[in-house]
$ cat query_32.cif   # mmCIF, C-alpha atoms
data_final
#
loop_
_atom_site.label_atom_id
_atom_site.label_comp_id
_atom_site.auth_asym_id
_atom_site.auth_seq_id
_atom_site.Cartn_x
_atom_site.Cartn_y
_atom_site.Cartn_z
CA MET A 1 112.31 -64.42 106.17
CA LYS A 2 111.78 -60.90 107.42
CA PRO A 3 114.87 -58.68 107.37
CA ILE A 4 116.87 -58.69 110.60
CA TRP A 5 119.56 -56.47 112.02
CA ALA A 6 123.00 -57.95 111.49
CA VAL A 7 126.48 -56.67 112.28
CA GLY A 8 129.44 -57.39 110.01
CA LEU A 9 133.11 -57.27 110.98
CA MET A 10 136.18 -57.08 108.79
CA THR A 11 139.86 -56.53 109.40
CA GLY A 12 141.81 -56.61 106.16
CA THR A 13 145.22 -58.10 105.55
CA VAL A 14 146.62 -54.63 104.97
CA LEU A 15 146.44 -54.19 108.77
CA ASP A 16 145.66 -50.50 108.92
CA GLY A 17 144.97 -50.87 112.64
CA ASN A 18 141.20 -50.63 112.39
CA ILE A 19 138.23 -52.95 112.74
CA ASP A 20 135.49 -52.22 110.21
CA VAL A 21 132.09 -52.61 111.89
CA ALA A 22 128.82 -52.18 109.99
CA LEU A 23 125.14 -52.64 110.80
CA ILE A 24 122.56 -53.49 108.15
CA LYS A 25 118.99 -54.78 108.13
CA THR A 26 118.76 -57.56 105.59
CA ASP A 27 117.13 -60.84 104.61
CA GLY A 28 120.33 -62.00 102.91
CA GLU A 29 119.01 -61.15 99.45
CA SER A 30 118.68 -57.36 99.59
CA VAL A 31 119.35 -54.63 102.12
CA GLU A 32 116.37 -52.90 103.69
CA THR A 33 118.34 -50.44 105.84
CA PHE A 34 121.96 -49.36 106.05
CA GLY A 35 122.62 -48.78 109.74
CA ALA A 36 125.54 -47.41 111.67
CA TYR A 37 129.16 -47.92 110.64
CA THR A 38 132.47 -47.20 112.31
CA LEU A 39 136.20 -47.81 112.21
CA ALA A 40 137.21 -49.07 115.65
CA PRO A 41 140.98 -48.84 116.17
CA TYR A 42 142.85 -51.75 117.68
CA ALA A 43 145.02 -51.03 120.69
CA GLU A 44 148.59 -50.59 119.51
CA ASP A 45 149.79 -53.76 121.25
CA THR A 46 147.07 -55.75 119.48
CA ARG A 47 148.00 -54.32 116.10
CA LEU A 48 151.66 -55.19 116.66
CA LEU A 49 150.65 -58.68 117.82
CA LEU A 50 148.70 -59.20 114.59
CA GLU A 51 151.62 -58.01 112.46
CA GLU A 52 153.91 -60.52 114.16
CA THR A 53 151.24 -63.22 113.76
CA LEU A 54 151.13 -62.66 109.99
CA ARG A 55 154.92 -62.86 109.89
CA GLN A 56 154.98 -66.17 111.77
CA ALA A 57 152.13 -67.54 109.65
CA ARG A 58 154.26 -67.17 106.53
CA GLY A 59 156.98 -69.24 108.17
CA TRP A 60 154.43 -71.85 109.27
CA ASN A 61 152.88 -72.12 105.78
CA PHE A 62 150.28 -74.72 106.85
CA GLU A 63 153.01 -77.16 107.91
CA GLY A 64 153.04 -78.68 111.40
CA PRO A 65 151.34 -77.38 114.56
CA ASP A 66 150.01 -73.86 114.78
CA PRO A 67 152.46 -71.23 115.97
CA LEU A 68 151.79 -70.49 119.64
CA ILE A 69 151.12 -66.86 118.78
CA PHE A 70 147.90 -67.84 116.99
CA LYS A 71 146.10 -68.52 120.27
CA ASP A 72 147.08 -65.19 121.82
CA ALA A 73 146.22 -63.26 118.66
CA GLU A 74 142.87 -65.01 118.29
CA GLU A 75 141.78 -64.16 121.82
CA ALA A 76 142.98 -60.56 121.56
CA LEU A 77 141.24 -59.86 118.25
CA THR A 78 138.04 -61.66 119.29
CA ARG A 79 137.73 -59.61 122.47
CA ALA A 80 138.57 -56.36 120.67
CA GLN A 81 136.03 -57.02 117.93
CA SER A 82 133.36 -58.06 120.44
CA THR A 83 133.81 -54.74 122.20
CA ALA A 84 133.57 -52.93 118.86
CA VAL A 85 130.23 -54.63 118.15
CA GLN A 86 128.84 -53.70 121.56
CA GLU A 87 129.85 -50.07 121.15
CA LEU A 88 128.42 -49.79 117.63
CA VAL A 89 125.10 -51.37 118.62
CA LYS A 90 124.77 -49.18 121.70
CA GLY A 91 125.66 -46.07 119.70
CA ALA A 92 122.96 -46.97 117.17
CA GLY A 93 120.34 -46.98 119.92
CA LEU A 94 119.84 -50.74 119.75
CA THR A 95 120.44 -53.59 122.17
CA MET A 96 122.21 -56.86 121.50
CA GLU A 97 118.82 -58.59 121.86
CA GLU A 98 117.75 -56.81 118.68
CA ILE A 99 120.71 -58.15 116.68
CA GLY A 100 119.86 -61.33 114.81
CA ALA A 101 123.41 -62.26 113.81
CA VAL A 102 127.00 -61.09 113.75
CA GLY A 103 129.17 -61.94 110.75
CA PHE A 104 132.69 -62.37 112.14
CA HIS A 105 135.23 -62.73 109.33
CA GLY A 106 138.26 -62.89 111.61
CA GLN A 107 141.82 -62.11 110.60
CA THR A 108 143.24 -63.89 107.58
CA VAL A 109 146.78 -64.92 108.44
CA LEU A 110 147.47 -67.08 105.40
CA HIS A 111 145.72 -68.06 102.19
CA ARG A 112 146.89 -70.60 99.62
CA ALA A 113 145.02 -71.02 96.36
CA PRO A 114 144.33 -74.55 95.08
CA THR A 115 146.25 -76.09 92.21
CA LYS A 116 145.49 -79.04 89.96
CA ALA A 117 147.57 -81.17 92.33
CA ARG A 118 146.05 -80.18 95.69
CA LEU A 119 143.26 -78.40 97.46
CA GLY A 120 143.87 -74.88 98.66
CA ASP A 121 144.05 -73.82 102.27
CA THR A 122 143.06 -70.75 104.23
CA ARG A 123 143.26 -69.65 107.83
CA GLN A 124 141.32 -66.95 109.60
CA LEU A 125 141.80 -66.39 113.33
CA GLY A 126 138.65 -65.66 115.30
CA ASP A 127 136.88 -67.54 118.10
CA GLY A 128 133.22 -67.44 117.11
CA GLN A 129 132.00 -69.24 120.21
CA MET A 130 133.84 -66.82 122.48
CA MET A 131 132.24 -63.89 120.67
CA ALA A 132 128.78 -65.46 120.87
CA ASP A 133 129.21 -65.94 124.62
CA VAL A 134 130.43 -62.37 125.12
CA LEU A 135 127.72 -60.77 122.97
CA GLY A 136 124.83 -63.10 123.81
CA THR A 137 123.81 -63.40 120.16
CA LYS A 138 124.35 -65.71 117.18
CA VAL A 139 127.74 -65.39 115.52
CA VAL A 140 128.61 -66.75 112.09
CA TYR A 141 132.34 -67.20 111.47
CA ASP A 142 134.89 -69.21 109.46
CA PHE A 143 133.24 -68.32 106.16
CA ARG A 144 135.95 -69.63 103.84
CA THR A 145 136.90 -73.15 104.96
CA ALA A 146 133.89 -75.00 103.56
CA ASP A 147 134.50 -73.53 100.12
CA VAL A 148 138.17 -74.48 100.17
CA ARG A 149 137.45 -78.02 101.38
CA ALA A 150 134.98 -78.40 98.50
CA GLY A 151 137.69 -77.44 96.01
CA GLY A 152 137.07 -73.71 95.74
CA GLN A 153 139.44 -70.79 96.09
CA GLY A 154 137.83 -69.61 99.33
CA ALA A 155 137.86 -66.08 97.87
CA PRO A 156 136.52 -63.67 96.96
CA LEU A 157 133.28 -63.99 98.92
CA ALA A 158 131.86 -60.52 98.32
CA ALA A 159 130.29 -61.33 94.95
CA ILE A 160 126.77 -62.13 96.14
CA TYR A 161 126.66 -58.92 98.20
CA HIS A 162 128.14 -56.85 95.39
CA THR A 163 125.42 -58.23 93.13
CA ALA A 164 122.75 -57.07 95.57
CA LEU A 165 124.27 -53.57 95.41
CA LEU A 166 124.59 -53.61 91.62
CA ARG A 167 120.95 -54.60 91.27
CA GLU A 168 120.01 -51.10 92.43
CA VAL A 169 122.51 -49.36 90.12
CA ASP A 170 123.08 -51.07 86.77
CA ARG A 171 121.78 -54.32 85.29
CA SER A 172 123.49 -53.90 81.92
CA GLY A 173 126.85 -55.51 82.67
CA ASP A 174 128.57 -52.20 81.94
CA THR A 175 129.36 -51.61 85.64
CA ALA A 176 131.50 -53.76 87.91
CA ILE A 177 132.56 -53.37 91.53
CA LEU A 178 136.26 -53.22 92.37
CA ASN A 179 137.41 -53.49 95.96
CA LEU A 180 140.91 -52.21 96.69
CA GLY A 181 142.02 -53.57 100.05
CA GLY A 182 145.30 -55.38 100.63
CA VAL A 183 144.44 -57.33 97.48
CA GLY A 184 142.13 -56.15 94.70
CA ASN A 185 139.00 -58.10 93.79
CA ILE A 186 136.34 -57.51 91.18
CA THR A 187 132.70 -58.55 90.77
CA TRP A 188 130.92 -58.42 87.41
CA TRP A 189 127.24 -59.30 86.92
CA ASP A 190 125.49 -59.68 83.59
CA GLY A 191 122.18 -58.44 85.00
CA GLU A 192 120.66 -61.91 84.91
CA ASP A 193 122.19 -65.13 86.21
CA LEU A 194 125.94 -64.87 85.66
CA VAL A 195 128.19 -63.44 88.37
CA VAL A 196 131.98 -63.50 87.95
CA ALA A 197 134.44 -62.57 90.69
CA PHE A 198 138.16 -63.00 91.28
CA ASP A 199 141.22 -61.30 92.75
CA THR A 200 142.73 -58.85 90.27
CA GLY A 201 146.18 -58.57 91.83
CA PRO A 202 147.75 -56.54 94.63
CA ALA A 203 146.08 -53.33 95.77
CA ASN A 204 147.30 -51.43 98.83
CA ALA A 205 149.45 -54.06 100.56
CA PRO A 206 152.76 -53.76 98.66
CA LEU A 207 152.52 -49.97 98.56
CA ASN A 208 151.77 -49.70 102.28
CA ASP A 209 154.60 -52.09 103.13
CA PHE A 210 156.98 -50.07 100.95
CA ILE A 211 156.02 -46.84 102.70
CA LYS A 212 156.33 -48.41 106.16
CA ALA A 213 159.74 -49.90 105.41
CA LEU A 214 161.02 -46.45 104.50
CA GLY A 215 159.70 -45.00 107.76
CA LEU A 216 157.38 -42.65 105.87
CA GLY A 217 154.16 -43.58 107.66
CA GLU A 218 151.50 -46.24 107.23
CA MET A 219 150.45 -45.50 103.63
CA ASP A 220 150.89 -43.16 100.67
CA ARG A 221 148.34 -40.73 102.04
CA ASP A 222 146.31 -39.07 99.28
CA GLY A 223 148.65 -40.70 96.76
CA ALA A 224 151.00 -37.75 97.17
CA LEU A 225 154.27 -39.69 97.04
CA GLY A 226 153.23 -41.74 94.02
CA ALA A 227 152.04 -38.61 92.24
CA SER A 228 155.47 -37.02 92.70
CA GLY A 229 157.36 -39.95 91.20
CA THR A 230 157.95 -41.44 87.77
CA VAL A 231 156.80 -44.93 86.88
CA ASP A 232 159.63 -47.28 85.92
CA GLU A 233 157.90 -48.42 82.75
CA ALA A 234 160.47 -51.09 81.88
CA ARG A 235 160.17 -52.65 85.32
CA LEU A 236 156.39 -52.38 85.18
CA GLU A 237 156.33 -54.21 81.86
CA ARG A 238 158.35 -57.05 83.38
CA LEU A 239 156.09 -57.23 86.42
CA LEU A 240 153.06 -57.43 84.19
CA GLN A 241 154.38 -60.67 82.68
CA HIS A 242 153.43 -62.48 85.91
CA PRO A 243 151.33 -65.50 84.90
CA TYR A 244 148.66 -64.80 87.53
CA LEU A 245 147.48 -61.72 85.68
CA THR A 246 146.45 -63.60 82.54
CA ALA A 247 145.41 -66.86 84.23
CA ALA A 248 141.76 -67.79 83.81
CA TYR A 249 139.41 -67.21 86.73
CA PRO A 250 138.45 -68.41 89.28
CA LYS A 251 141.61 -67.37 91.05
CA SER A 252 142.67 -65.82 94.34
CA LEU A 253 145.72 -64.39 96.06
CA ASP A 254 147.36 -64.25 99.44
CA ARG A 255 148.27 -60.81 100.70
CA PHE A 256 151.99 -61.65 100.27
CA ASP A 257 151.87 -63.17 96.78
CA PHE A 258 152.97 -59.76 95.46
CA THR A 259 155.25 -57.79 97.77
CA ALA A 260 157.01 -54.47 98.16
CA ALA A 261 160.13 -56.12 96.73
CA MET A 262 158.68 -55.21 93.32
CA ALA A 263 160.01 -51.70 94.02
CA ASP A 264 163.47 -52.70 95.29
CA GLY A 265 166.16 -50.23 94.26
CA LEU A 266 163.77 -47.42 93.34
CA SER A 267 163.50 -44.09 95.11
CA ALA A 268 160.59 -43.56 97.46
CA ALA A 269 158.62 -41.53 94.92
CA ASP A 270 159.38 -43.73 91.92
CA GLY A 271 158.71 -46.88 93.92
CA ALA A 272 155.33 -45.58 95.04
CA ALA A 273 154.48 -44.54 91.49
CA THR A 274 155.50 -47.92 90.05
CA LEU A 275 153.60 -49.95 92.65
CA SER A 276 150.52 -47.80 92.11
CA ALA A 277 150.79 -48.29 88.35
CA PHE A 278 151.08 -52.05 88.82
CA THR A 279 147.86 -52.14 90.85
CA ALA A 280 146.08 -50.14 88.16
CA SER A 281 147.49 -52.14 85.26
CA ALA A 282 146.56 -55.43 86.93
CA VAL A 283 142.98 -54.16 87.07
CA GLY A 284 143.10 -53.58 83.32
CA LYS A 285 144.28 -57.13 82.69
CA ALA A 286 141.46 -58.40 84.91
CA LEU A 287 138.87 -56.48 82.90
CA ASP A 288 140.14 -58.13 79.72
CA LEU A 289 139.29 -61.54 81.18
CA LEU A 290 135.63 -60.78 81.85
CA PRO A 291 132.87 -62.02 79.52
CA HIS A 292 132.03 -58.37 78.83
CA ARG A 293 134.43 -55.52 79.53
CA PRO A 294 132.64 -52.97 81.75
CA ARG A 295 132.88 -49.27 81.04
CA ARG A 296 132.68 -48.23 84.69
CA LEU A 297 134.11 -49.46 87.99
CA ILE A 298 132.57 -48.59 91.34
CA VAL A 299 135.54 -48.67 93.69
CA SER A 300 135.34 -49.51 97.40
CA GLY A 301 138.03 -50.07 100.01
CA GLY A 302 140.92 -47.90 101.11
CA GLY A 303 142.45 -47.71 97.64
CA ARG A 304 139.65 -45.47 96.41
CA ARG A 305 141.09 -42.76 98.68
CA ASN A 306 144.33 -42.74 96.68
CA PRO A 307 143.78 -40.30 93.79
CA THR A 308 146.95 -41.49 92.09
CA ILE A 309 145.75 -45.09 91.89
CA MET A 310 142.26 -43.98 90.82
CA ALA A 311 143.68 -41.80 88.02
CA MET A 312 146.03 -44.57 86.93
CA ILE A 313 143.13 -47.03 86.71
CA GLU A 314 141.37 -44.67 84.31
CA GLU A 315 144.54 -44.09 82.30
CA ARG A 316 146.01 -47.60 82.25
CA ALA A 317 142.94 -49.84 82.56
CA LYS A 318 140.88 -47.67 80.17
CA VAL A 319 137.79 -47.60 82.36
CA GLN A 320 135.90 -45.01 84.39
CA ALA A 321 136.71 -45.38 88.09
CA VAL A 322 134.19 -43.87 90.52
CA SER A 323 134.26 -44.00 94.32
CA ALA A 324 131.49 -46.08 95.89
CA ASP A 325 130.63 -43.05 98.00
CA GLY A 326 129.31 -41.36 94.87
CA PHE A 327 126.48 -43.89 94.80
CA GLY A 328 125.44 -43.33 98.40
CA TRP A 329 127.34 -46.41 99.56
CA ARG A 330 129.86 -46.34 102.40
CA GLY A 331 133.08 -47.14 100.55
CA ASP A 332 134.92 -48.16 103.71
CA ALA A 333 131.99 -50.25 104.96
CA VAL A 334 131.25 -52.50 101.99
CA GLU A 335 133.35 -55.47 103.15
CA ALA A 336 132.01 -55.35 106.71
CA GLU A 337 128.45 -55.03 105.35
CA CYS A 338 129.18 -58.04 103.18
CA PHE A 339 129.84 -60.29 106.17
CA ALA A 340 126.66 -59.14 107.89
CA PHE A 341 124.84 -60.05 104.67
CA LEU A 342 126.62 -63.43 104.42
CA ALA A 343 125.82 -64.20 108.07
CA VAL A 344 122.12 -63.87 107.34
CA ARG A 345 122.48 -66.04 104.24
CA THR A 346 124.16 -68.67 106.41
CA LEU A 347 121.26 -68.57 108.87
CA ARG A 348 118.90 -69.13 105.95
CA GLY A 349 120.98 -71.92 104.41
CA LEU A 350 121.60 -69.89 101.25
CA PRO A 351 124.83 -70.29 99.24
CA ILE A 352 127.64 -67.77 99.65
CA SER A 353 130.02 -68.93 96.90
CA PHE A 354 129.56 -70.16 93.36
CA PRO A 355 131.45 -71.88 90.52
CA THR A 356 132.11 -68.57 88.73
CA THR A 357 133.23 -66.73 91.88
CA THR A 358 135.44 -69.16 93.79
CA GLY A 359 135.50 -72.16 91.45
CA VAL A 360 133.65 -74.39 93.88
CA PRO A 361 132.01 -77.27 91.94
CA MET A 362 128.48 -76.16 92.85
CA ALA A 363 126.87 -73.33 94.82
CA GLN A 364 128.19 -73.69 98.35
CA THR A 365 126.86 -72.70 101.74
CA GLY A 366 129.44 -71.67 104.28
CA GLY A 367 130.10 -70.23 107.68
CA LYS A 368 129.89 -71.89 111.09
CA LEU A 369 127.19 -70.87 113.55
CA ALA A 370 127.97 -70.25 117.20
CA ASN A 371 125.04 -69.80 119.58
CA PRO A 372 125.39 -68.02 122.93
#
$ encode --input "query_32.cif" --output "structure tokens"
Amino acid sequence: MKPIWAVGLMTGTVLDGNIDVALIKTDGESVETFGAYTLAPYAEDTRLLLEETLRQARGWNFEGPDPLIFKDAEEALTRAQSTAVQELVKGAGLTMEEIGAVGFHGQTVLHRAPTKARLGDTRQLGDGQMMADVLGTKVVYDFRTADVRAGGQGAPLAAIYHTALLREVDRSGDTAILNLGGVGNITWWDGEDLVVAFDTGPANAPLNDFIKALGLGEMDRDGALGASGTVDEARLERLLQHPYLTAAYPKSLDRFDFTAAMADGLSAADGAATLSAFTASAVGKALDLLPHRPRRLIVSGGGRRNPTIMAMIEERAKVQAVSADGFGWRGDAVEAECFAFLAVRTLRGLPISFPTTTGVPMAQTGGKLANP
């Protein structure tokens, strides 16, 4: 298959109010061209609607009928993201007729990892058929359900794209990719046939929630608050006893499996410092689980912009942490690019998850296709 232009969309569970939109030209195995990228802000009423939707989803917990708010949120986010695609494509000097596929991740409202007793479950809101009708092009959506139904974790899905990026950087196994969104996830590749990926622990979500609850903004901007505080080492040591951190992969997390309550009773500065240290220390425990401990992490996602977390990763996880931007990648765009890449793989019938990434029994295709 010749490479085609594809657009990828991602809105993380950290809910920073933006839609990540990225354009790449790809055959689903490598990237020929990195096209335009933007952060398209949601309208404030849509952002607040999504926050309330996540709150109600936790109360629902996969039991009984969907909360009524799901329908309203799904339509609002689908229309907003469709508009974001149109604007990006137009700004890039292309037309929708030149776009071969859109990878529409949707908004994760709840994720439940499988156990020995039951399959997992996952829910992303996003009306792929509506988007296909609005845009007049193929839309691939609902990427995670097939994996979960087959017994996988449904996450992380970025591993096959991360591997394509690593192929151009380091084939030795000494470099891994760490994404710091609401949750952290890592991809390690041995340079040949083995790819390992799993969620490391919380990343930005508990820290952002802590900052918001104190009325100090949306995030610890530039890591300034965390840098001014002192880590509660005794509390951190207790937090690091959580069984998830030493559990064997494959494994995955919901955005609310680790919460801002970890910092209850601490001052703003000490709470930010302690939550940042927990994110970094969880990364270190994740590295210890890999078949080969890498010496360098290429870090994407919003967390790479927090110098305090980046420094703590080097100090506490004993690994070099380098922003993805230093390799010519777009550190904010990697997840959106990933879903453009996965959309093309879906069109080609190629697998998007694997036993060593999500725990699915065998390599698994995924994603539903909506035609205009």
$ closest_residue --input "query_32.cif" --among "A:Pro65, A:Gly173, A:Gly284, A:Gly59" --to "Leu240 of chain A" --atoms "all atoms listed in the file"
A:Gly284
$ residues_around --input "query_32.cif" --residues "Leu180 of chain A" --least-positions-apart "4" --cutoff "8 Å" --atoms "all atoms listed in the file" --output "VMD selection string"
chain A and resid 184 to 185 203 to 204 299 to 304
$ resolve_selection --input "query_32.cif" --expression "the PyMOL selection byres ((chain A and resi 125-129) around 8)" --output "list in words"
Phe70, Ala73, Glu74, Glu75, Leu77, Thr78, Phe104, His105, Gly106, Gln107, Thr108, Val109, Arg123, Gln124, Met130, Met131, Ala132, Asp133, Val139, Val140, Tyr141, Asp142, Leu369, Ala370, Asn371 and Pro372 of chain A
$ closest_atom_pairs --input "query_32.cif" --of "segment 34-139 of chain A" --to "segment 246-261 of chain A" --cutoff "9 Å" --atoms "only C-alpha atoms" --output "CSV"
residue,atom,partner,partner_atom,distance
A:Arg58,CA,A:Phe256,CA,8.6
A:Val109,CA,A:Arg255,CA,8.9
A:Leu110,CA,A:Asp254,CA,6.6
A:His111,CA,A:Asp254,CA,5.0
A:Arg112,CA,A:Asp254,CA,6.4
A:Ala113,CA,A:Ser252,CA,6.1
A:Pro114,CA,A:Lys251,CA,8.7
$ atom_distance --input "query_32.cif" --atom1 "atom CA of Pro294 of chain A" --atom2 "atom CA of Thr175 of chain A"
5.3 Å
$ resolve_selection --input "query_32.cif" --expression "the PyMOL selection byres ((chain A and resi 27-39) around 9)" --output "VMD selection string"
chain A and resid 1 to 5 18 to 26 40 to 41 84 88 to 89 91 to 92 160 to 161 164 to 165 329 to 330 332 to 333 336 to 337 340 to 348 350
$ closest_residue --input "query_32.cif" --among "A:Met310, A:Leu157, A:Ala234, A:Ala317" --to "Thr145 of chain A" --atoms "only C-alpha atoms"
A:Leu157
$ closest_residue --input "query_32.cif" --among "A:Ala176, A:Ala57, A:Ala117, A:Met219" --to "Ala272 of chain A" --atoms "only C-alpha atoms"
A:Met219
$ decode --input "query_32.cif" --residues "segment 186-206 of chain A" --atoms "C-alpha atoms" --output "JSON list (two decimals), in the first residue's frame"
[["chain", "number", "residue", "atom", "x", "y", "z"],
["A", 186, "ILE", "CA", 6.17, 2.88, 28.34],
["A", 187, "THR", "CA", 7.23, 1.06, 25.17],
["A", 188, "TRP", "CA", 10.46, -0.94, 24.98],
["A", 189, "TRP", "CA", 11.67, -2.69, 21.81],
["A", 190, "ASP", "CA", 14.59, -5.10, 21.61],
["A", 191, "GLY", "CA", 15.45, -4.02, 18.07],
["A", 192, "GLU", "CA", 14.14, -7.26, 16.59],
["A", 193, "ASP", "CA", 10.80, -8.94, 17.32],
["A", 194, "LEU", "CA", 9.98, -8.24, 20.96],
["A", 195, "VAL", "CA", 7.93, -5.17, 21.91],
["A", 196, "VAL", "CA", 6.82, -4.65, 25.52],
["A", 197, "ALA", "CA", 4.40, -1.95, 26.63],
["A", 198, "PHE", "CA", 2.35, -1.23, 29.75],
["A", 199, "ASP", "CA", 1.09, 1.58, 31.97],
["A", 200, "THR", "CA", 3.75, 2.63, 34.47],
["A", 201, "GLY", "CA", 1.47, 4.38, 36.95],
["A", 202, "PRO", "CA", -0.05, 7.85, 37.27],
["A", 203, "ALA", "CA", 1.51, 10.75, 35.40],
["A", 204, "ASN", "CA", -0.15, 14.18, 35.29],
["A", 205, "ALA", "CA", -3.70, 13.34, 36.42],
["A", 206, "PRO", "CA", -3.34, 13.28, 40.23]]
